[in-house]
>>> print(open('entry.tsv').read())   # TSV, C-alpha atoms and all ligand atoms
chain	number	residue	atom	x	y	z
A	139	ARG	CA	-2.32	14.73	19.81
A	140	ARG	CA	-6.04	15.45	19.60
A	141	GLU	CA	-5.35	19.04	20.61
A	142	GLN	CA	-2.74	19.34	17.87
A	143	LEU	CA	-5.14	17.94	15.31
A	144	LYS	CA	-7.79	20.44	16.39
A	145	LEU	CA	-5.52	23.29	15.36
A	146	LEU	CA	-5.64	21.93	11.83
A	147	ALA	CA	-9.39	22.54	11.61
A	148	GLN	CA	-8.78	26.10	10.42
A	149	GLN	CA	-5.93	25.16	8.08
A	150	PRO	CA	-6.03	24.49	4.32
A	151	SER	CA	-5.63	20.93	3.03
A	152	VAL	CA	-2.27	21.06	1.30
A	153	SER	CA	0.49	18.54	0.65
A	154	ALA	CA	4.12	18.98	1.72
A	155	ASP	CA	4.94	20.11	-1.83
A	156	GLY	CA	2.15	22.69	-1.92
A	157	VAL	CA	-0.61	20.86	-3.78
A	158	HIS	CA	-4.13	21.69	-2.62
A	159	VAL	CA	-6.69	18.93	-2.25
A	160	GLU	CA	-10.19	18.98	-0.85
A	161	LEU	CA	-10.91	16.98	2.30
A	162	ALA	CA	-14.67	16.76	2.55
A	163	ALA	CA	-17.11	14.85	4.73
A	164	ASN	CA	-19.88	12.34	4.11
A	165	ILE	CA	-23.26	12.96	5.73
A	166	GLY	CA	-26.58	11.15	5.96
A	167	SER	CA	-28.68	13.82	7.67
A	168	ILE	CA	-28.64	17.38	8.94
A	169	GLU	CA	-27.69	16.07	12.39
A	170	ASP	CA	-24.26	15.18	10.94
A	171	LEU	CA	-23.49	18.80	10.07
A	172	MET	CA	-22.16	19.78	13.48
A	173	LYS	CA	-19.29	17.31	13.18
A	174	VAL	CA	-18.54	18.44	9.62
A	175	LEU	CA	-18.08	22.04	10.75
A	176	GLU	CA	-16.21	21.15	13.97
A	177	ASN	CA	-13.70	19.10	12.02
A	178	GLY	CA	-13.08	21.85	9.49
A	179	ALA	CA	-14.07	19.82	6.43
A	180	ASP	CA	-13.62	21.64	3.12
A	181	GLY	CA	-17.15	20.71	2.09
A	182	VAL	CA	-19.60	17.83	1.89
A	183	GLY	CA	-18.48	15.27	-0.67
A	184	LEU	CA	-21.46	12.96	-0.27
A	185	PHE	CA	-24.90	13.52	1.17
A	186	ARG	CA	-26.60	10.11	1.18
A	187	THR	CA	-30.17	11.34	0.70
A	188	GLU	CA	-31.74	7.90	1.10
A	189	PHE	CA	-31.65	8.47	4.86
A	190	ILE	CA	-34.27	11.19	4.39
A	191	TYR	CA	-36.54	8.49	2.96
A	192	MET	CA	-35.80	5.84	5.59
A	193	GLY	CA	-37.40	5.39	9.01
A	194	ARG	CA	-40.77	6.84	8.02
A	195	ASN	CA	-44.06	5.71	6.47
A	196	SER	CA	-44.31	7.71	3.26
A	197	PHE	CA	-42.16	9.54	0.74
A	198	PRO	CA	-40.82	12.92	1.83
A	199	SER	CA	-42.54	15.69	-0.12
A	200	GLU	CA	-40.75	18.12	-2.42
A	201	GLU	CA	-41.15	20.85	0.21
A	202	GLU	CA	-39.68	18.70	3.03
A	203	GLN	CA	-36.72	17.80	0.88
A	204	TYR	CA	-36.26	21.38	-0.26
A	205	GLN	CA	-36.02	22.54	3.38
A	206	ILE	CA	-33.39	19.91	4.18
A	207	TYR	CA	-31.20	20.61	1.13
A	208	LYS	CA	-31.48	24.36	1.70
A	209	HIS	CA	-30.46	23.96	5.33
A	210	VAL	CA	-27.38	21.92	4.43
A	211	LEU	CA	-26.30	24.37	1.73
A	212	GLU	CA	-26.74	27.34	4.07
A	213	LYS	CA	-24.78	25.70	6.89
A	214	LEU	CA	-21.90	24.99	4.54
A	215	ASP	CA	-21.84	28.68	3.71
A	216	GLY	CA	-20.61	28.53	0.13
A	217	LYS	CA	-18.46	25.43	0.50
A	218	ARG	CA	-19.18	22.71	-2.00
A	219	VAL	CA	-22.00	20.27	-1.17
A	220	VAL	CA	-22.35	17.13	-3.28
A	221	ILE	CA	-25.86	15.76	-2.95
A	222	ARG	CA	-26.45	12.28	-4.29
A	223	THR	CA	-29.84	11.38	-5.69
A	224	LEU	CA	-31.73	8.53	-4.06
A	225	ASP	CA	-29.73	5.30	-3.70
A	226	ILE	CA	-32.31	2.83	-2.46
A	227	GLY	CA	-32.39	-0.91	-3.14
A	228	GLY	CA	-29.51	-3.27	-2.53
A	229	ASP	CA	-29.20	-3.40	1.25
A	230	LYS	CA	-31.47	-0.38	1.82
A	231	GLU	CA	-35.23	-0.86	1.73
A	232	LEU	CA	-38.21	1.42	2.25
A	233	PRO	CA	-41.21	-0.07	4.08
A	234	TYR	CA	-43.64	1.96	1.94
A	235	LEU	CA	-42.07	1.14	-1.41
A	236	GLU	CA	-43.15	-2.24	-2.73
A	237	LEU	CA	-40.43	-3.68	-4.89
A	238	PRO	CA	-40.40	-7.08	-6.54
A	239	LYS	CA	-38.29	-9.60	-4.58
A	240	GLU	CA	-34.96	-10.11	-6.26
A	241	SER	CA	-32.49	-12.94	-5.74
A	242	ASN	CA	-29.52	-10.55	-6.17
A	243	PRO	CA	-30.62	-7.14	-4.86
A	244	PHE	CA	-27.12	-5.62	-5.22
A	245	LEU	CA	-27.26	-6.50	-8.92
A	246	GLY	CA	-30.85	-5.45	-9.34
A	247	LEU	CA	-33.12	-2.46	-9.48
A	248	ARG	CA	-31.34	-0.03	-7.15
A	249	ALA	CA	-30.33	3.63	-7.08
A	250	LEU	CA	-30.54	5.44	-10.42
A	251	ARG	CA	-31.96	2.32	-12.07
A	252	LEU	CA	-34.93	2.56	-9.75
A	253	CYS	CA	-35.19	6.33	-10.22
A	254	LEU	CA	-35.43	5.92	-13.98
A	255	GLU	CA	-38.16	3.32	-13.45
A	256	ARG	CA	-39.99	5.50	-10.88
A	257	GLU	CA	-39.55	8.85	-12.57
A	258	ASP	CA	-42.12	10.50	-10.31
A	259	LEU	CA	-39.88	10.01	-7.26
A	260	PHE	CA	-36.83	11.16	-9.17
A	261	ARG	CA	-38.49	14.31	-10.49
A	262	THR	CA	-39.70	15.31	-7.02
A	263	GLN	CA	-36.19	15.04	-5.64
A	264	LEU	CA	-34.65	16.92	-8.56
A	265	ARG	CA	-37.13	19.77	-8.21
A	266	ALA	CA	-36.31	20.07	-4.51
A	267	LEU	CA	-32.60	20.14	-5.30
A	268	LEU	CA	-32.93	22.69	-8.09
A	269	ARG	CA	-35.00	24.97	-5.89
A	270	ALA	CA	-32.41	24.76	-3.12
A	271	SER	CA	-29.54	25.45	-5.51
A	272	THR	CA	-29.57	29.21	-4.93
A	273	SER	CA	-28.74	28.70	-1.22
A	274	GLY	CA	-25.12	27.63	-1.72
A	275	LYS	CA	-22.74	25.68	-3.90
A	276	LEU	CA	-24.71	22.65	-5.01
A	277	ASN	CA	-23.38	19.68	-6.93
A	278	ILE	CA	-25.83	16.97	-7.99
A	279	MET	CA	-24.52	13.42	-8.28
A	280	PHE	CA	-26.09	10.28	-9.76
A	281	PRO	CA	-25.28	6.87	-8.20
A	282	MET	CA	-24.80	3.42	-9.76
A	283	ILE	CA	-24.41	4.36	-13.40
A	284	ALA	CA	-23.17	1.54	-15.64
A	285	VAL	CA	-23.80	2.87	-19.16
A	286	LEU	CA	-23.94	6.23	-20.91
A	287	SER	CA	-27.64	6.00	-21.71
A	288	GLU	CA	-28.45	6.06	-17.97
A	289	LEU	CA	-26.44	9.24	-17.49
A	290	ARG	CA	-28.00	10.88	-20.52
A	291	GLU	CA	-31.50	9.98	-19.39
A	292	ALA	CA	-30.86	11.34	-15.88
A	293	LYS	CA	-29.46	14.58	-17.31
A	294	ARG	CA	-32.39	14.90	-19.71
A	295	ILE	CA	-34.89	14.63	-16.85
A	296	LEU	CA	-32.89	17.10	-14.78
A	297	GLY	CA	-32.92	19.53	-17.72
A	298	GLU	CA	-36.69	19.18	-18.08
A	299	GLU	CA	-37.29	19.92	-14.41
A	300	ARG	CA	-35.00	22.94	-14.58
A	301	ALA	CA	-36.89	24.27	-17.62
A	302	LYS	CA	-40.24	23.78	-15.86
A	303	LEU	CA	-39.09	25.65	-12.76
A	304	GLU	CA	-37.73	28.50	-14.82
A	305	GLN	CA	-41.04	28.73	-16.64
A	306	GLU	CA	-42.76	28.93	-13.26
A	307	GLY	CA	-40.48	31.86	-12.44
A	308	ILE	CA	-38.52	29.99	-9.76
A	309	ALA	CA	-34.81	30.82	-9.59
A	310	VAL	CA	-32.31	28.03	-10.21
A	311	SER	CA	-28.56	28.50	-9.91
A	312	ASP	CA	-26.63	28.29	-13.17
A	313	ALA	CA	-23.49	27.12	-11.35
A	314	ILE	CA	-24.74	23.64	-10.42
A	315	GLU	CA	-22.20	20.95	-11.28
A	316	VAL	CA	-23.60	17.61	-12.38
A	317	GLY	CA	-21.53	14.50	-11.74
A	318	MET	CA	-21.69	10.77	-11.32
A	319	MET	CA	-20.41	8.12	-9.00
A	320	ILE	CA	-18.00	5.61	-10.43
A	321	GLU	CA	-18.81	2.46	-8.49
A	322	ILE	CA	-19.40	-0.12	-11.22
A	323	PRO	CA	-16.33	-1.53	-12.97
A	324	ALA	CA	-17.92	-1.00	-16.41
A	325	ALA	CA	-18.16	2.73	-15.71
A	326	ALA	CA	-14.55	2.89	-14.51
A	327	LEU	CA	-13.35	1.14	-17.67
A	328	ASN	CA	-15.37	3.53	-19.82
A	329	ALA	CA	-14.50	6.66	-17.82
A	330	ASP	CA	-13.04	8.50	-20.83
A	331	HIS	CA	-16.47	8.63	-22.42
A	332	PHE	CA	-18.32	9.53	-19.24
A	333	ALA	CA	-15.82	12.30	-18.51
A	334	LYS	CA	-16.98	14.23	-21.57
A	335	GLU	CA	-20.53	14.39	-20.22
A	336	VAL	CA	-20.14	15.25	-16.53
A	337	ASP	CA	-18.54	18.02	-14.47
A	338	PHE	CA	-16.98	15.64	-11.95
A	339	PHE	CA	-16.53	12.03	-10.87
A	340	SER	CA	-16.74	10.60	-7.38
A	341	ILE	CA	-15.41	7.08	-6.95
A	342	GLY	CA	-17.56	4.91	-4.70
A	343	THR	CA	-15.09	2.31	-3.56
A	344	ASN	CA	-17.48	0.49	-1.23
A	345	ASP	CA	-19.41	-0.74	-4.23
A	346	LEU	CA	-16.53	-0.66	-6.71
A	347	ILE	CA	-14.61	-3.16	-4.57
A	348	GLN	CA	-17.68	-5.35	-4.07
A	349	TYR	CA	-18.41	-5.49	-7.80
A	350	THR	CA	-14.79	-5.90	-8.89
A	351	MET	CA	-14.10	-8.71	-6.43
A	352	ALA	CA	-17.58	-10.25	-6.82
A	353	ALA	CA	-17.78	-10.26	-3.01
A	354	ASP	CA	-20.87	-9.03	-1.14
A	355	ARG	CA	-19.78	-6.07	1.02
A	356	MET	CA	-22.11	-7.27	3.82
A	357	ASN	CA	-20.97	-10.89	3.88
A	358	GLU	CA	-18.43	-11.69	6.63
A	359	SER	CA	-17.45	-15.00	5.03
A	360	VAL	CA	-15.95	-13.25	2.03
A	361	ALA	CA	-14.66	-10.18	3.88
A	362	TYR	CA	-11.08	-11.21	3.07
A	363	LEU	CA	-11.79	-10.21	-0.54
A	364	TYR	CA	-12.55	-6.67	0.51
A	365	GLN	CA	-9.15	-5.33	-0.53
A	366	PRO	CA	-8.96	-1.58	-1.15
A	367	TYR	CA	-5.22	-1.65	-1.89
A	368	HIS	CA	-5.42	-4.55	-4.28
A	369	PRO	CA	-3.70	-3.54	-7.54
A	370	SER	CA	-6.88	-4.41	-9.48
A	371	ILE	CA	-8.75	-1.77	-7.50
A	372	LEU	CA	-5.88	0.71	-7.68
A	373	ARG	CA	-5.69	0.35	-11.45
A	374	LEU	CA	-9.39	1.09	-11.85
A	375	VAL	CA	-9.12	4.09	-9.55
A	376	ASN	CA	-6.08	5.36	-11.44
A	377	MET	CA	-7.85	4.95	-14.79
A	378	VAL	CA	-10.74	7.05	-13.59
A	379	ILE	CA	-8.54	9.85	-12.23
A	380	LYS	CA	-6.48	9.96	-15.42
A	381	ALA	CA	-9.60	9.99	-17.60
A	382	GLY	CA	-10.89	12.90	-15.55
A	383	GLU	CA	-7.60	14.76	-15.95
A	384	ARG	CA	-7.62	14.29	-19.73
A	385	ALA	CA	-11.13	15.71	-19.92
A	386	GLY	CA	-10.37	18.58	-17.55
A	387	ILE	CA	-12.81	17.56	-14.82
A	388	TRP	CA	-12.09	16.89	-11.14
A	389	THR	CA	-12.28	13.49	-9.49
A	390	GLY	CA	-13.22	12.75	-5.91
A	391	MET	CA	-13.72	9.62	-3.87
A	392	CYS	CA	-16.49	9.10	-1.33
A	393	GLY	CA	-16.09	5.43	-0.38
A	394	GLU	CA	-14.43	4.38	2.89
A	395	MET	CA	-11.09	4.16	1.10
A	396	ALA	CA	-10.88	7.97	0.81
A	397	GLY	CA	-10.27	8.33	4.55
A	398	ASP	CA	-7.93	5.36	4.85
A	399	GLN	CA	-4.44	6.31	5.97
A	400	THR	CA	-2.78	3.64	3.84
A	401	ALA	CA	-4.75	4.56	0.73
A	402	ILE	CA	-4.35	8.35	1.00
A	403	PRO	CA	-0.68	8.53	-0.09
A	404	LEU	CA	-1.44	6.44	-3.19
A	405	LEU	CA	-4.56	8.43	-4.04
A	406	LEU	CA	-2.73	11.73	-3.63
A	407	GLY	CA	0.03	10.42	-5.91
A	408	MET	CA	-2.46	9.33	-8.55
A	409	GLY	CA	-3.89	12.85	-8.57
A	410	LEU	CA	-7.19	12.50	-6.72
A	411	ASN	CA	-8.60	15.99	-6.20
A	412	GLU	CA	-11.19	15.46	-3.47
A	413	PHE	CA	-11.37	12.95	-0.61
A	414	SER	CA	-14.71	12.58	1.14
A	415	MET	CA	-14.85	10.63	4.40
A	416	SER	CA	-16.49	10.44	7.80
A	417	ALA	CA	-16.05	13.79	9.54
A	418	SER	CA	-13.85	12.28	12.25
A	419	SER	CA	-11.26	11.24	9.64
A	420	VAL	CA	-10.81	14.71	8.14
A	421	LEU	CA	-8.22	16.08	10.57
A	422	PRO	CA	-6.05	12.95	10.64
A	423	ALA	CA	-6.18	12.99	6.82
A	424	ARG	CA	-5.18	16.68	6.73
A	425	GLU	CA	-2.26	15.97	9.03
A	426	LEU	CA	-1.12	13.06	6.84
A	427	VAL	CA	-1.48	14.95	3.54
A	428	GLY	CA	0.63	17.75	5.01
A	429	ARG	CA	3.52	15.30	5.44
A	430	LEU	CA	3.31	13.80	1.94
A	431	SER	CA	4.88	14.99	-1.29
A	432	LYS	CA	2.47	14.54	-4.17
A	433	GLN	CA	5.31	14.40	-6.64
A	434	GLU	CA	7.10	11.66	-4.75
A	435	TRP	CA	3.89	9.66	-4.37
A	436	ALA	CA	3.13	10.02	-8.06
A	437	SER	CA	6.09	7.75	-8.82
A	438	LEU	CA	5.55	5.52	-5.77
A	439	SER	CA	1.93	4.95	-6.79
A	440	GLU	CA	3.09	3.95	-10.26
A	441	GLN	CA	5.26	1.31	-8.65
A	442	ALA	CA	2.36	0.11	-6.51
A	443	LEU	CA	0.24	-0.33	-9.64
A	444	THR	CA	2.70	-2.93	-10.95
A	445	MET	CA	2.40	-5.17	-7.89
A	446	GLY	CA	0.45	-8.40	-7.70
A	447	THR	CA	-1.12	-8.45	-4.24
A	448	GLN	CA	-2.68	-6.16	-1.65
A	449	GLU	CA	-0.12	-7.30	0.94
A	450	GLU	CA	2.80	-6.09	-1.19
A	451	VAL	CA	1.15	-2.71	-1.70
A	452	GLN	CA	0.32	-2.31	1.96
A	453	GLN	CA	3.83	-3.08	3.10
A	454	PHE	CA	5.31	-0.80	0.45
A	455	VAL	CA	3.12	2.16	1.49
A	456	GLU	CA	3.52	1.68	5.22
A	457	GLN	CA	7.31	1.56	4.96
A	458	ARG	CA	7.42	4.81	3.02
A	459	SER	CA	4.81	6.99	4.67
A	460	GLN	CA	5.53	6.51	8.39
A	461	ILE	CA	1.86	6.14	9.26
B	1	LIG	C1	-19.75	3.63	-2.26
B	1	LIG	O1	-20.33	2.72	-2.84
B	1	LIG	O2	-18.51	3.67	-2.10
B	1	LIG	C2	-20.51	4.75	-1.68
B	1	LIG	C3	-19.91	5.83	-1.22
B	1	LIG	O3	-21.85	4.63	-1.64
B	1	LIG	P1	-22.65	3.75	-0.55
B	1	LIG	O4	-21.64	3.31	0.47
B	1	LIG	O5	-23.70	4.64	-0.04
B	1	LIG	O6	-23.14	2.63	-1.43
B	2	MG	MG	-22.39	2.89	-3.43
>>> encode(input="entry.tsv", output="structure tokens")
Amino acid sequence: RREQLKLLAQQPSVSADGVHVELAANIGSIEDLMKVLENGADGVGLFRTEFIYMGRNSFPSEEEQYQIYKHVLEKLDGKRVVIRTLDIGGDKELPYLELPKESNPFLGLRALRLCLEREDLFRTQLRALLRASTSGKLNIMFPMIAVLSELREAKRILGEERAKLEQEGIAVSDAIEVGMMIEIPAAALNADHFAKEVDFFSIGTNDLIQYTMAADRMNESVAYLYQPYHPSILRLVNMVIKAGERAGIWTGMCGEMAGDQTAIPLLLGMGLNEFSMSASSVLPARELVGRLSKQEWASLSEQALTMGTQEEVQQFVEQRSQI
């Protein structure tokens, strides 16, 4: 079976009824690239750049970051690479960044919130990204946005850094797409408005589930609430995809759910355009997508959205998709 899957590495990601989707991989460092290429991923759907900042004693310089982003873009050879700006805070700390102790770090100053507070860090990263943009197909993505003003502020700063570089005579690609993660329920519910101001969405289900269920994603005692197929989660996901469709932008997903064999049929049916997962899940996902009809799953996913529990949804999907 592994040999059969390997043959799929060179194949396109297409459903049984001929609909193309993108099956991309998540990475945390350049060491992960080998697996991405081996498994024939269609691109990188999430580069978690915080790992560049972790396990060291000082902030990585603009030049160091530039070299890393350039390397990733070159290796992907024109395939799309979604690079997420720094998502530190919550469960991820930096030994050299003193932050005030918070009683609820996951609800506190993390990710873009921190970047807007520490603009110096943010600007350094954005400059490195903009400089690397001519080496491939770069998409820049902002994490943990709750309200429009955060997105607008991030885009304003990005625009300023671009203008500065251009003034310095440094080339910046004009094909960069700018998008946001949808991982806070408030952003999912307001997706129609966000969709008018970004080029793409990527749904971060790891956090979206945690915040929707009010259940810490690291806490074993409440792990039973971590329910990706719960209709409450599915409805939020569906709202986001439909809002994206209405605005003419594409929607991806980069949380664990995107590579989950039970979730994939539903997500395909709802119209998700890009699925980003660990590299080892790409070929099994491609094999599954190839057996599914998007049209059929469009109506099955509508039925799933009317259900009341995760168990009902799970049984319903597993009976119909032979996974
Ligand atoms: C997510 O929240 O789903 C996500 C992809 O981001 P992270 O797991 O890095 O928080
Ligand atoms: Mg997240």
>>> closest_residue(input="entry.tsv", among="A:Gln460, A:Gln348, A:Ser273, A:Ser416", to="ligand MG 2 (chain B)", atoms="only C-alpha atoms and all ligand atoms")
A:Gln348
>>> closest_residue(input="entry.tsv", among="A:Pro281, A:Pro403, A:Pro150, A:Gly216", to="ligand MG 2 (chain B)", atoms="all atoms listed in the file")
A:Pro281
>>> residues_near_ligand(input="entry.tsv", ligand="ligand LIG 1 (chain B)", cutoff="10 Å", atoms="all atoms listed in the file", output="PDB file with C-alpha atoms, in the coordinates of the input")
ATOM      1  CA  ASN A 164     -19.880  12.340   4.110  1.00  0.00           C
ATOM      2  CA  GLY A 166     -26.580  11.150   5.960  1.00  0.00           C
ATOM      3  CA  GLY A 183     -18.480  15.270  -0.670  1.00  0.00           C
ATOM      4  CA  LEU A 184     -21.460  12.960  -0.270  1.00  0.00           C
ATOM      5  CA  PHE A 185     -24.900  13.520   1.170  1.00  0.00           C
ATOM      6  CA  ARG A 186     -26.600  10.110   1.180  1.00  0.00           C
ATOM      7  CA  THR A 187     -30.170  11.340   0.700  1.00  0.00           C
ATOM      8  CA  GLU A 188     -31.740   7.900   1.100  1.00  0.00           C
ATOM      9  CA  ARG A 222     -26.450  12.280  -4.290  1.00  0.00           C
ATOM     10  CA  LEU A 224     -31.730   8.530  -4.060  1.00  0.00           C
ATOM     11  CA  ASP A 225     -29.730   5.300  -3.700  1.00  0.00           C
ATOM     12  CA  ILE A 226     -32.310   2.830  -2.460  1.00  0.00           C
ATOM     13  CA  GLY A 228     -29.510  -3.270  -2.530  1.00  0.00           C
ATOM     14  CA  ASP A 229     -29.200  -3.400   1.250  1.00  0.00           C
ATOM     15  CA  LYS A 230     -31.470  -0.380   1.820  1.00  0.00           C
ATOM     16  CA  PHE A 244     -27.120  -5.620  -5.220  1.00  0.00           C
ATOM     17  CA  ALA A 249     -30.330   3.630  -7.080  1.00  0.00           C
ATOM     18  CA  PRO A 281     -25.280   6.870  -8.200  1.00  0.00           C
ATOM     19  CA  MET A 282     -24.800   3.420  -9.760  1.00  0.00           C
ATOM     20  CA  MET A 319     -20.410   8.120  -9.000  1.00  0.00           C
ATOM     21  CA  ILE A 320     -18.000   5.610 -10.430  1.00  0.00           C
ATOM     22  CA  GLU A 321     -18.810   2.460  -8.490  1.00  0.00           C
ATOM     23  CA  ILE A 322     -19.400  -0.120 -11.220  1.00  0.00           C
ATOM     24  CA  SER A 340     -16.740  10.600  -7.380  1.00  0.00           C
ATOM     25  CA  ILE A 341     -15.410   7.080  -6.950  1.00  0.00           C
ATOM     26  CA  GLY A 342     -17.560   4.910  -4.700  1.00  0.00           C
ATOM     27  CA  THR A 343     -15.090   2.310  -3.560  1.00  0.00           C
ATOM     28  CA  ASN A 344     -17.480   0.490  -1.230  1.00  0.00           C
ATOM     29  CA  ASP A 345     -19.410  -0.740  -4.230  1.00  0.00           C
ATOM     30  CA  LEU A 346     -16.530  -0.660  -6.710  1.00  0.00           C
ATOM     31  CA  ILE A 347     -14.610  -3.160  -4.570  1.00  0.00           C
ATOM     32  CA  GLN A 348     -17.680  -5.350  -4.070  1.00  0.00           C
ATOM     33  CA  TYR A 349     -18.410  -5.490  -7.800  1.00  0.00           C
ATOM     34  CA  ARG A 355     -19.780  -6.070   1.020  1.00  0.00           C
ATOM     35  CA  MET A 391     -13.720   9.620  -3.870  1.00  0.00           C
ATOM     36  CA  CYS A 392     -16.490   9.100  -1.330  1.00  0.00           C
ATOM     37  CA  GLY A 393     -16.090   5.430  -0.380  1.00  0.00           C
ATOM     38  CA  GLU A 394     -14.430   4.380   2.890  1.00  0.00           C
ATOM     39  CA  MET A 395     -11.090   4.160   1.100  1.00  0.00           C
ATOM     40  CA  ALA A 396     -10.880   7.970   0.810  1.00  0.00           C
ATOM     41  CA  SER A 414     -14.710  12.580   1.140  1.00  0.00           C
ATOM     42  CA  MET A 415     -14.850  10.630   4.400  1.00  0.00           C
TER      43      MET A 415
END
>>> residues_around(input="entry.tsv", residues="segment 371-381 of chain A", least_positions_apart="2", cutoff="8 Å", atoms="all atoms listed in the file", output="list in words")
Pro323, Ala326, Leu327, Ala329, Asp330, Ala333, Ile341, Leu346, Ile347, Thr350, Gln365, Pro366, Tyr367, His368, Pro369, Glu383, Arg384, Ala385, Trp388, Thr389, Met408, Gly409, Leu410 and Leu443 of chain A
>>> residues_around(input="entry.tsv", residues="Ala436 of chain A", least_positions_apart="4", cutoff="7 Å", atoms="all atoms listed in the file", output="list of chain:residue names")
A:Gly407, A:Met408, A:Lys432, A:Glu440
>>> closest_residue(input="entry.tsv", among="A:Arg139, A:His209, A:Lys173, A:Arg256", to="Leu235 of chain A", atoms="only C-alpha atoms")
A:Arg256
>>> closest_residue(input="entry.tsv", among="A:Lys208, A:Arg458, A:Arg248, A:Lys144", to="ligand MG 2 (chain B)", atoms="only C-alpha atoms and all ligand atoms")
A:Arg248
>>> closest_residue(input="entry.tsv", among="A:Ile168, A:Met318, A:Val285, A:Ile278", to="ligand MG 2 (chain B)", atoms="all atoms listed in the file")
A:Met318
>>> atom_distance(input="entry.tsv", atom1="atom CA of Gly193 of chain A", atom2="atom CA of Pro233 of chain A")
8.3 Å
>>> closest_residue(input="entry.tsv", among="A:Tyr207, A:Asp170, A:Cys253, A:Val219", to="Leu268 of chain A", atoms="only C-alpha atoms")
A:Tyr207
>>> residues_around(input="entry.tsv", residues="Gln142 of chain A", least_positions_apart="3", cutoff="12 Å", atoms="only C-alpha atoms", output="PyMOL selection string")
chain A and resi 139+145-149+421-422+424-425
>>> residues_around(input="entry.tsv", residues="Asp258 of chain A", least_positions_apart="3", cutoff="12 Å", atoms="only C-alpha atoms", output="short mmCIF file (atom, residue, chain, number, x, y, z; two decimals) with C-alpha atoms, in the coordinates of the input")
data_model
loop_
_atom_site.label_atom_id
_atom_site.label_comp_id
_atom_site.auth_asym_id
_atom_site.auth_seq_id
_atom_site.Cartn_x
_atom_site.Cartn_y
_atom_site.Cartn_z
CA PHE A 197 -42.16 9.54 0.74
CA SER A 199 -42.54 15.69 -0.12
CA GLU A 200 -40.75 18.12 -2.42
CA LEU A 252 -34.93 2.56 -9.75
CA CYS A 253 -35.19 6.33 -10.22
CA LEU A 254 -35.43 5.92 -13.98
CA GLU A 255 -38.16 3.32 -13.45
CA ARG A 261 -38.49 14.31 -10.49
CA THR A 262 -39.70 15.31 -7.02
CA GLN A 263 -36.19 15.04 -5.64
CA LEU A 264 -34.65 16.92 -8.56
CA ARG A 265 -37.13 19.77 -8.21
CA ILE A 295 -34.89 14.63 -16.85
CA GLU A 299 -37.29 19.92 -14.41
#
>>> build_atoms(input="entry.tsv", residues="segment 284-296 of chain A", atoms="N, CA and C atoms", output="tab-separated table (two decimals), in the frame of the given file")
chain	number	residue	atom	x	y	z
A	284	ALA	N	-23.99	2.54	-14.94
A	284	ALA	CA	-23.17	1.54	-15.64
A	284	ALA	C	-22.90	1.97	-17.08
A	285	VAL	N	-23.93	2.56	-17.72
A	285	VAL	CA	-23.80	2.87	-19.16
A	285	VAL	C	-24.20	4.32	-19.44
A	286	LEU	N	-23.70	4.82	-20.56
A	286	LEU	CA	-23.94	6.23	-20.91
A	286	LEU	C	-25.41	6.58	-21.03
A	287	SER	N	-26.23	5.67	-21.50
A	287	SER	CA	-27.64	6.00	-21.71
A	287	SER	C	-28.32	6.35	-20.38
A	288	GLU	N	-27.87	5.73	-19.29
A	288	GLU	CA	-28.45	6.06	-17.97
A	288	GLU	C	-28.11	7.51	-17.59
A	289	LEU	N	-26.85	7.87	-17.80
A	289	LEU	CA	-26.44	9.24	-17.49
A	289	LEU	C	-27.21	10.24	-18.33
A	290	ARG	N	-27.32	9.95	-19.61
A	290	ARG	CA	-28.00	10.88	-20.52
A	290	ARG	C	-29.47	11.04	-20.15
A	291	GLU	N	-30.09	9.94	-19.78
A	291	GLU	CA	-31.50	9.98	-19.39
A	291	GLU	C	-31.67	10.81	-18.11
A	292	ALA	N	-30.78	10.58	-17.14
A	292	ALA	CA	-30.86	11.34	-15.88
A	292	ALA	C	-30.67	12.83	-16.15
A	293	LYS	N	-29.71	13.17	-17.00
A	293	LYS	CA	-29.46	14.58	-17.31
A	293	LYS	C	-30.62	15.20	-18.09
A	294	ARG	N	-31.24	14.39	-18.94
A	294	ARG	CA	-32.39	14.90	-19.71
A	294	ARG	C	-33.54	15.26	-18.76
A	295	ILE	N	-33.80	14.38	-17.81
A	295	ILE	CA	-34.89	14.63	-16.85
A	295	ILE	C	-34.57	15.85	-15.99
A	296	LEU	N	-33.31	15.93	-15.56
A	296	LEU	CA	-32.89	17.10	-14.78
A	296	LEU	C	-33.10	18.39	-15.58
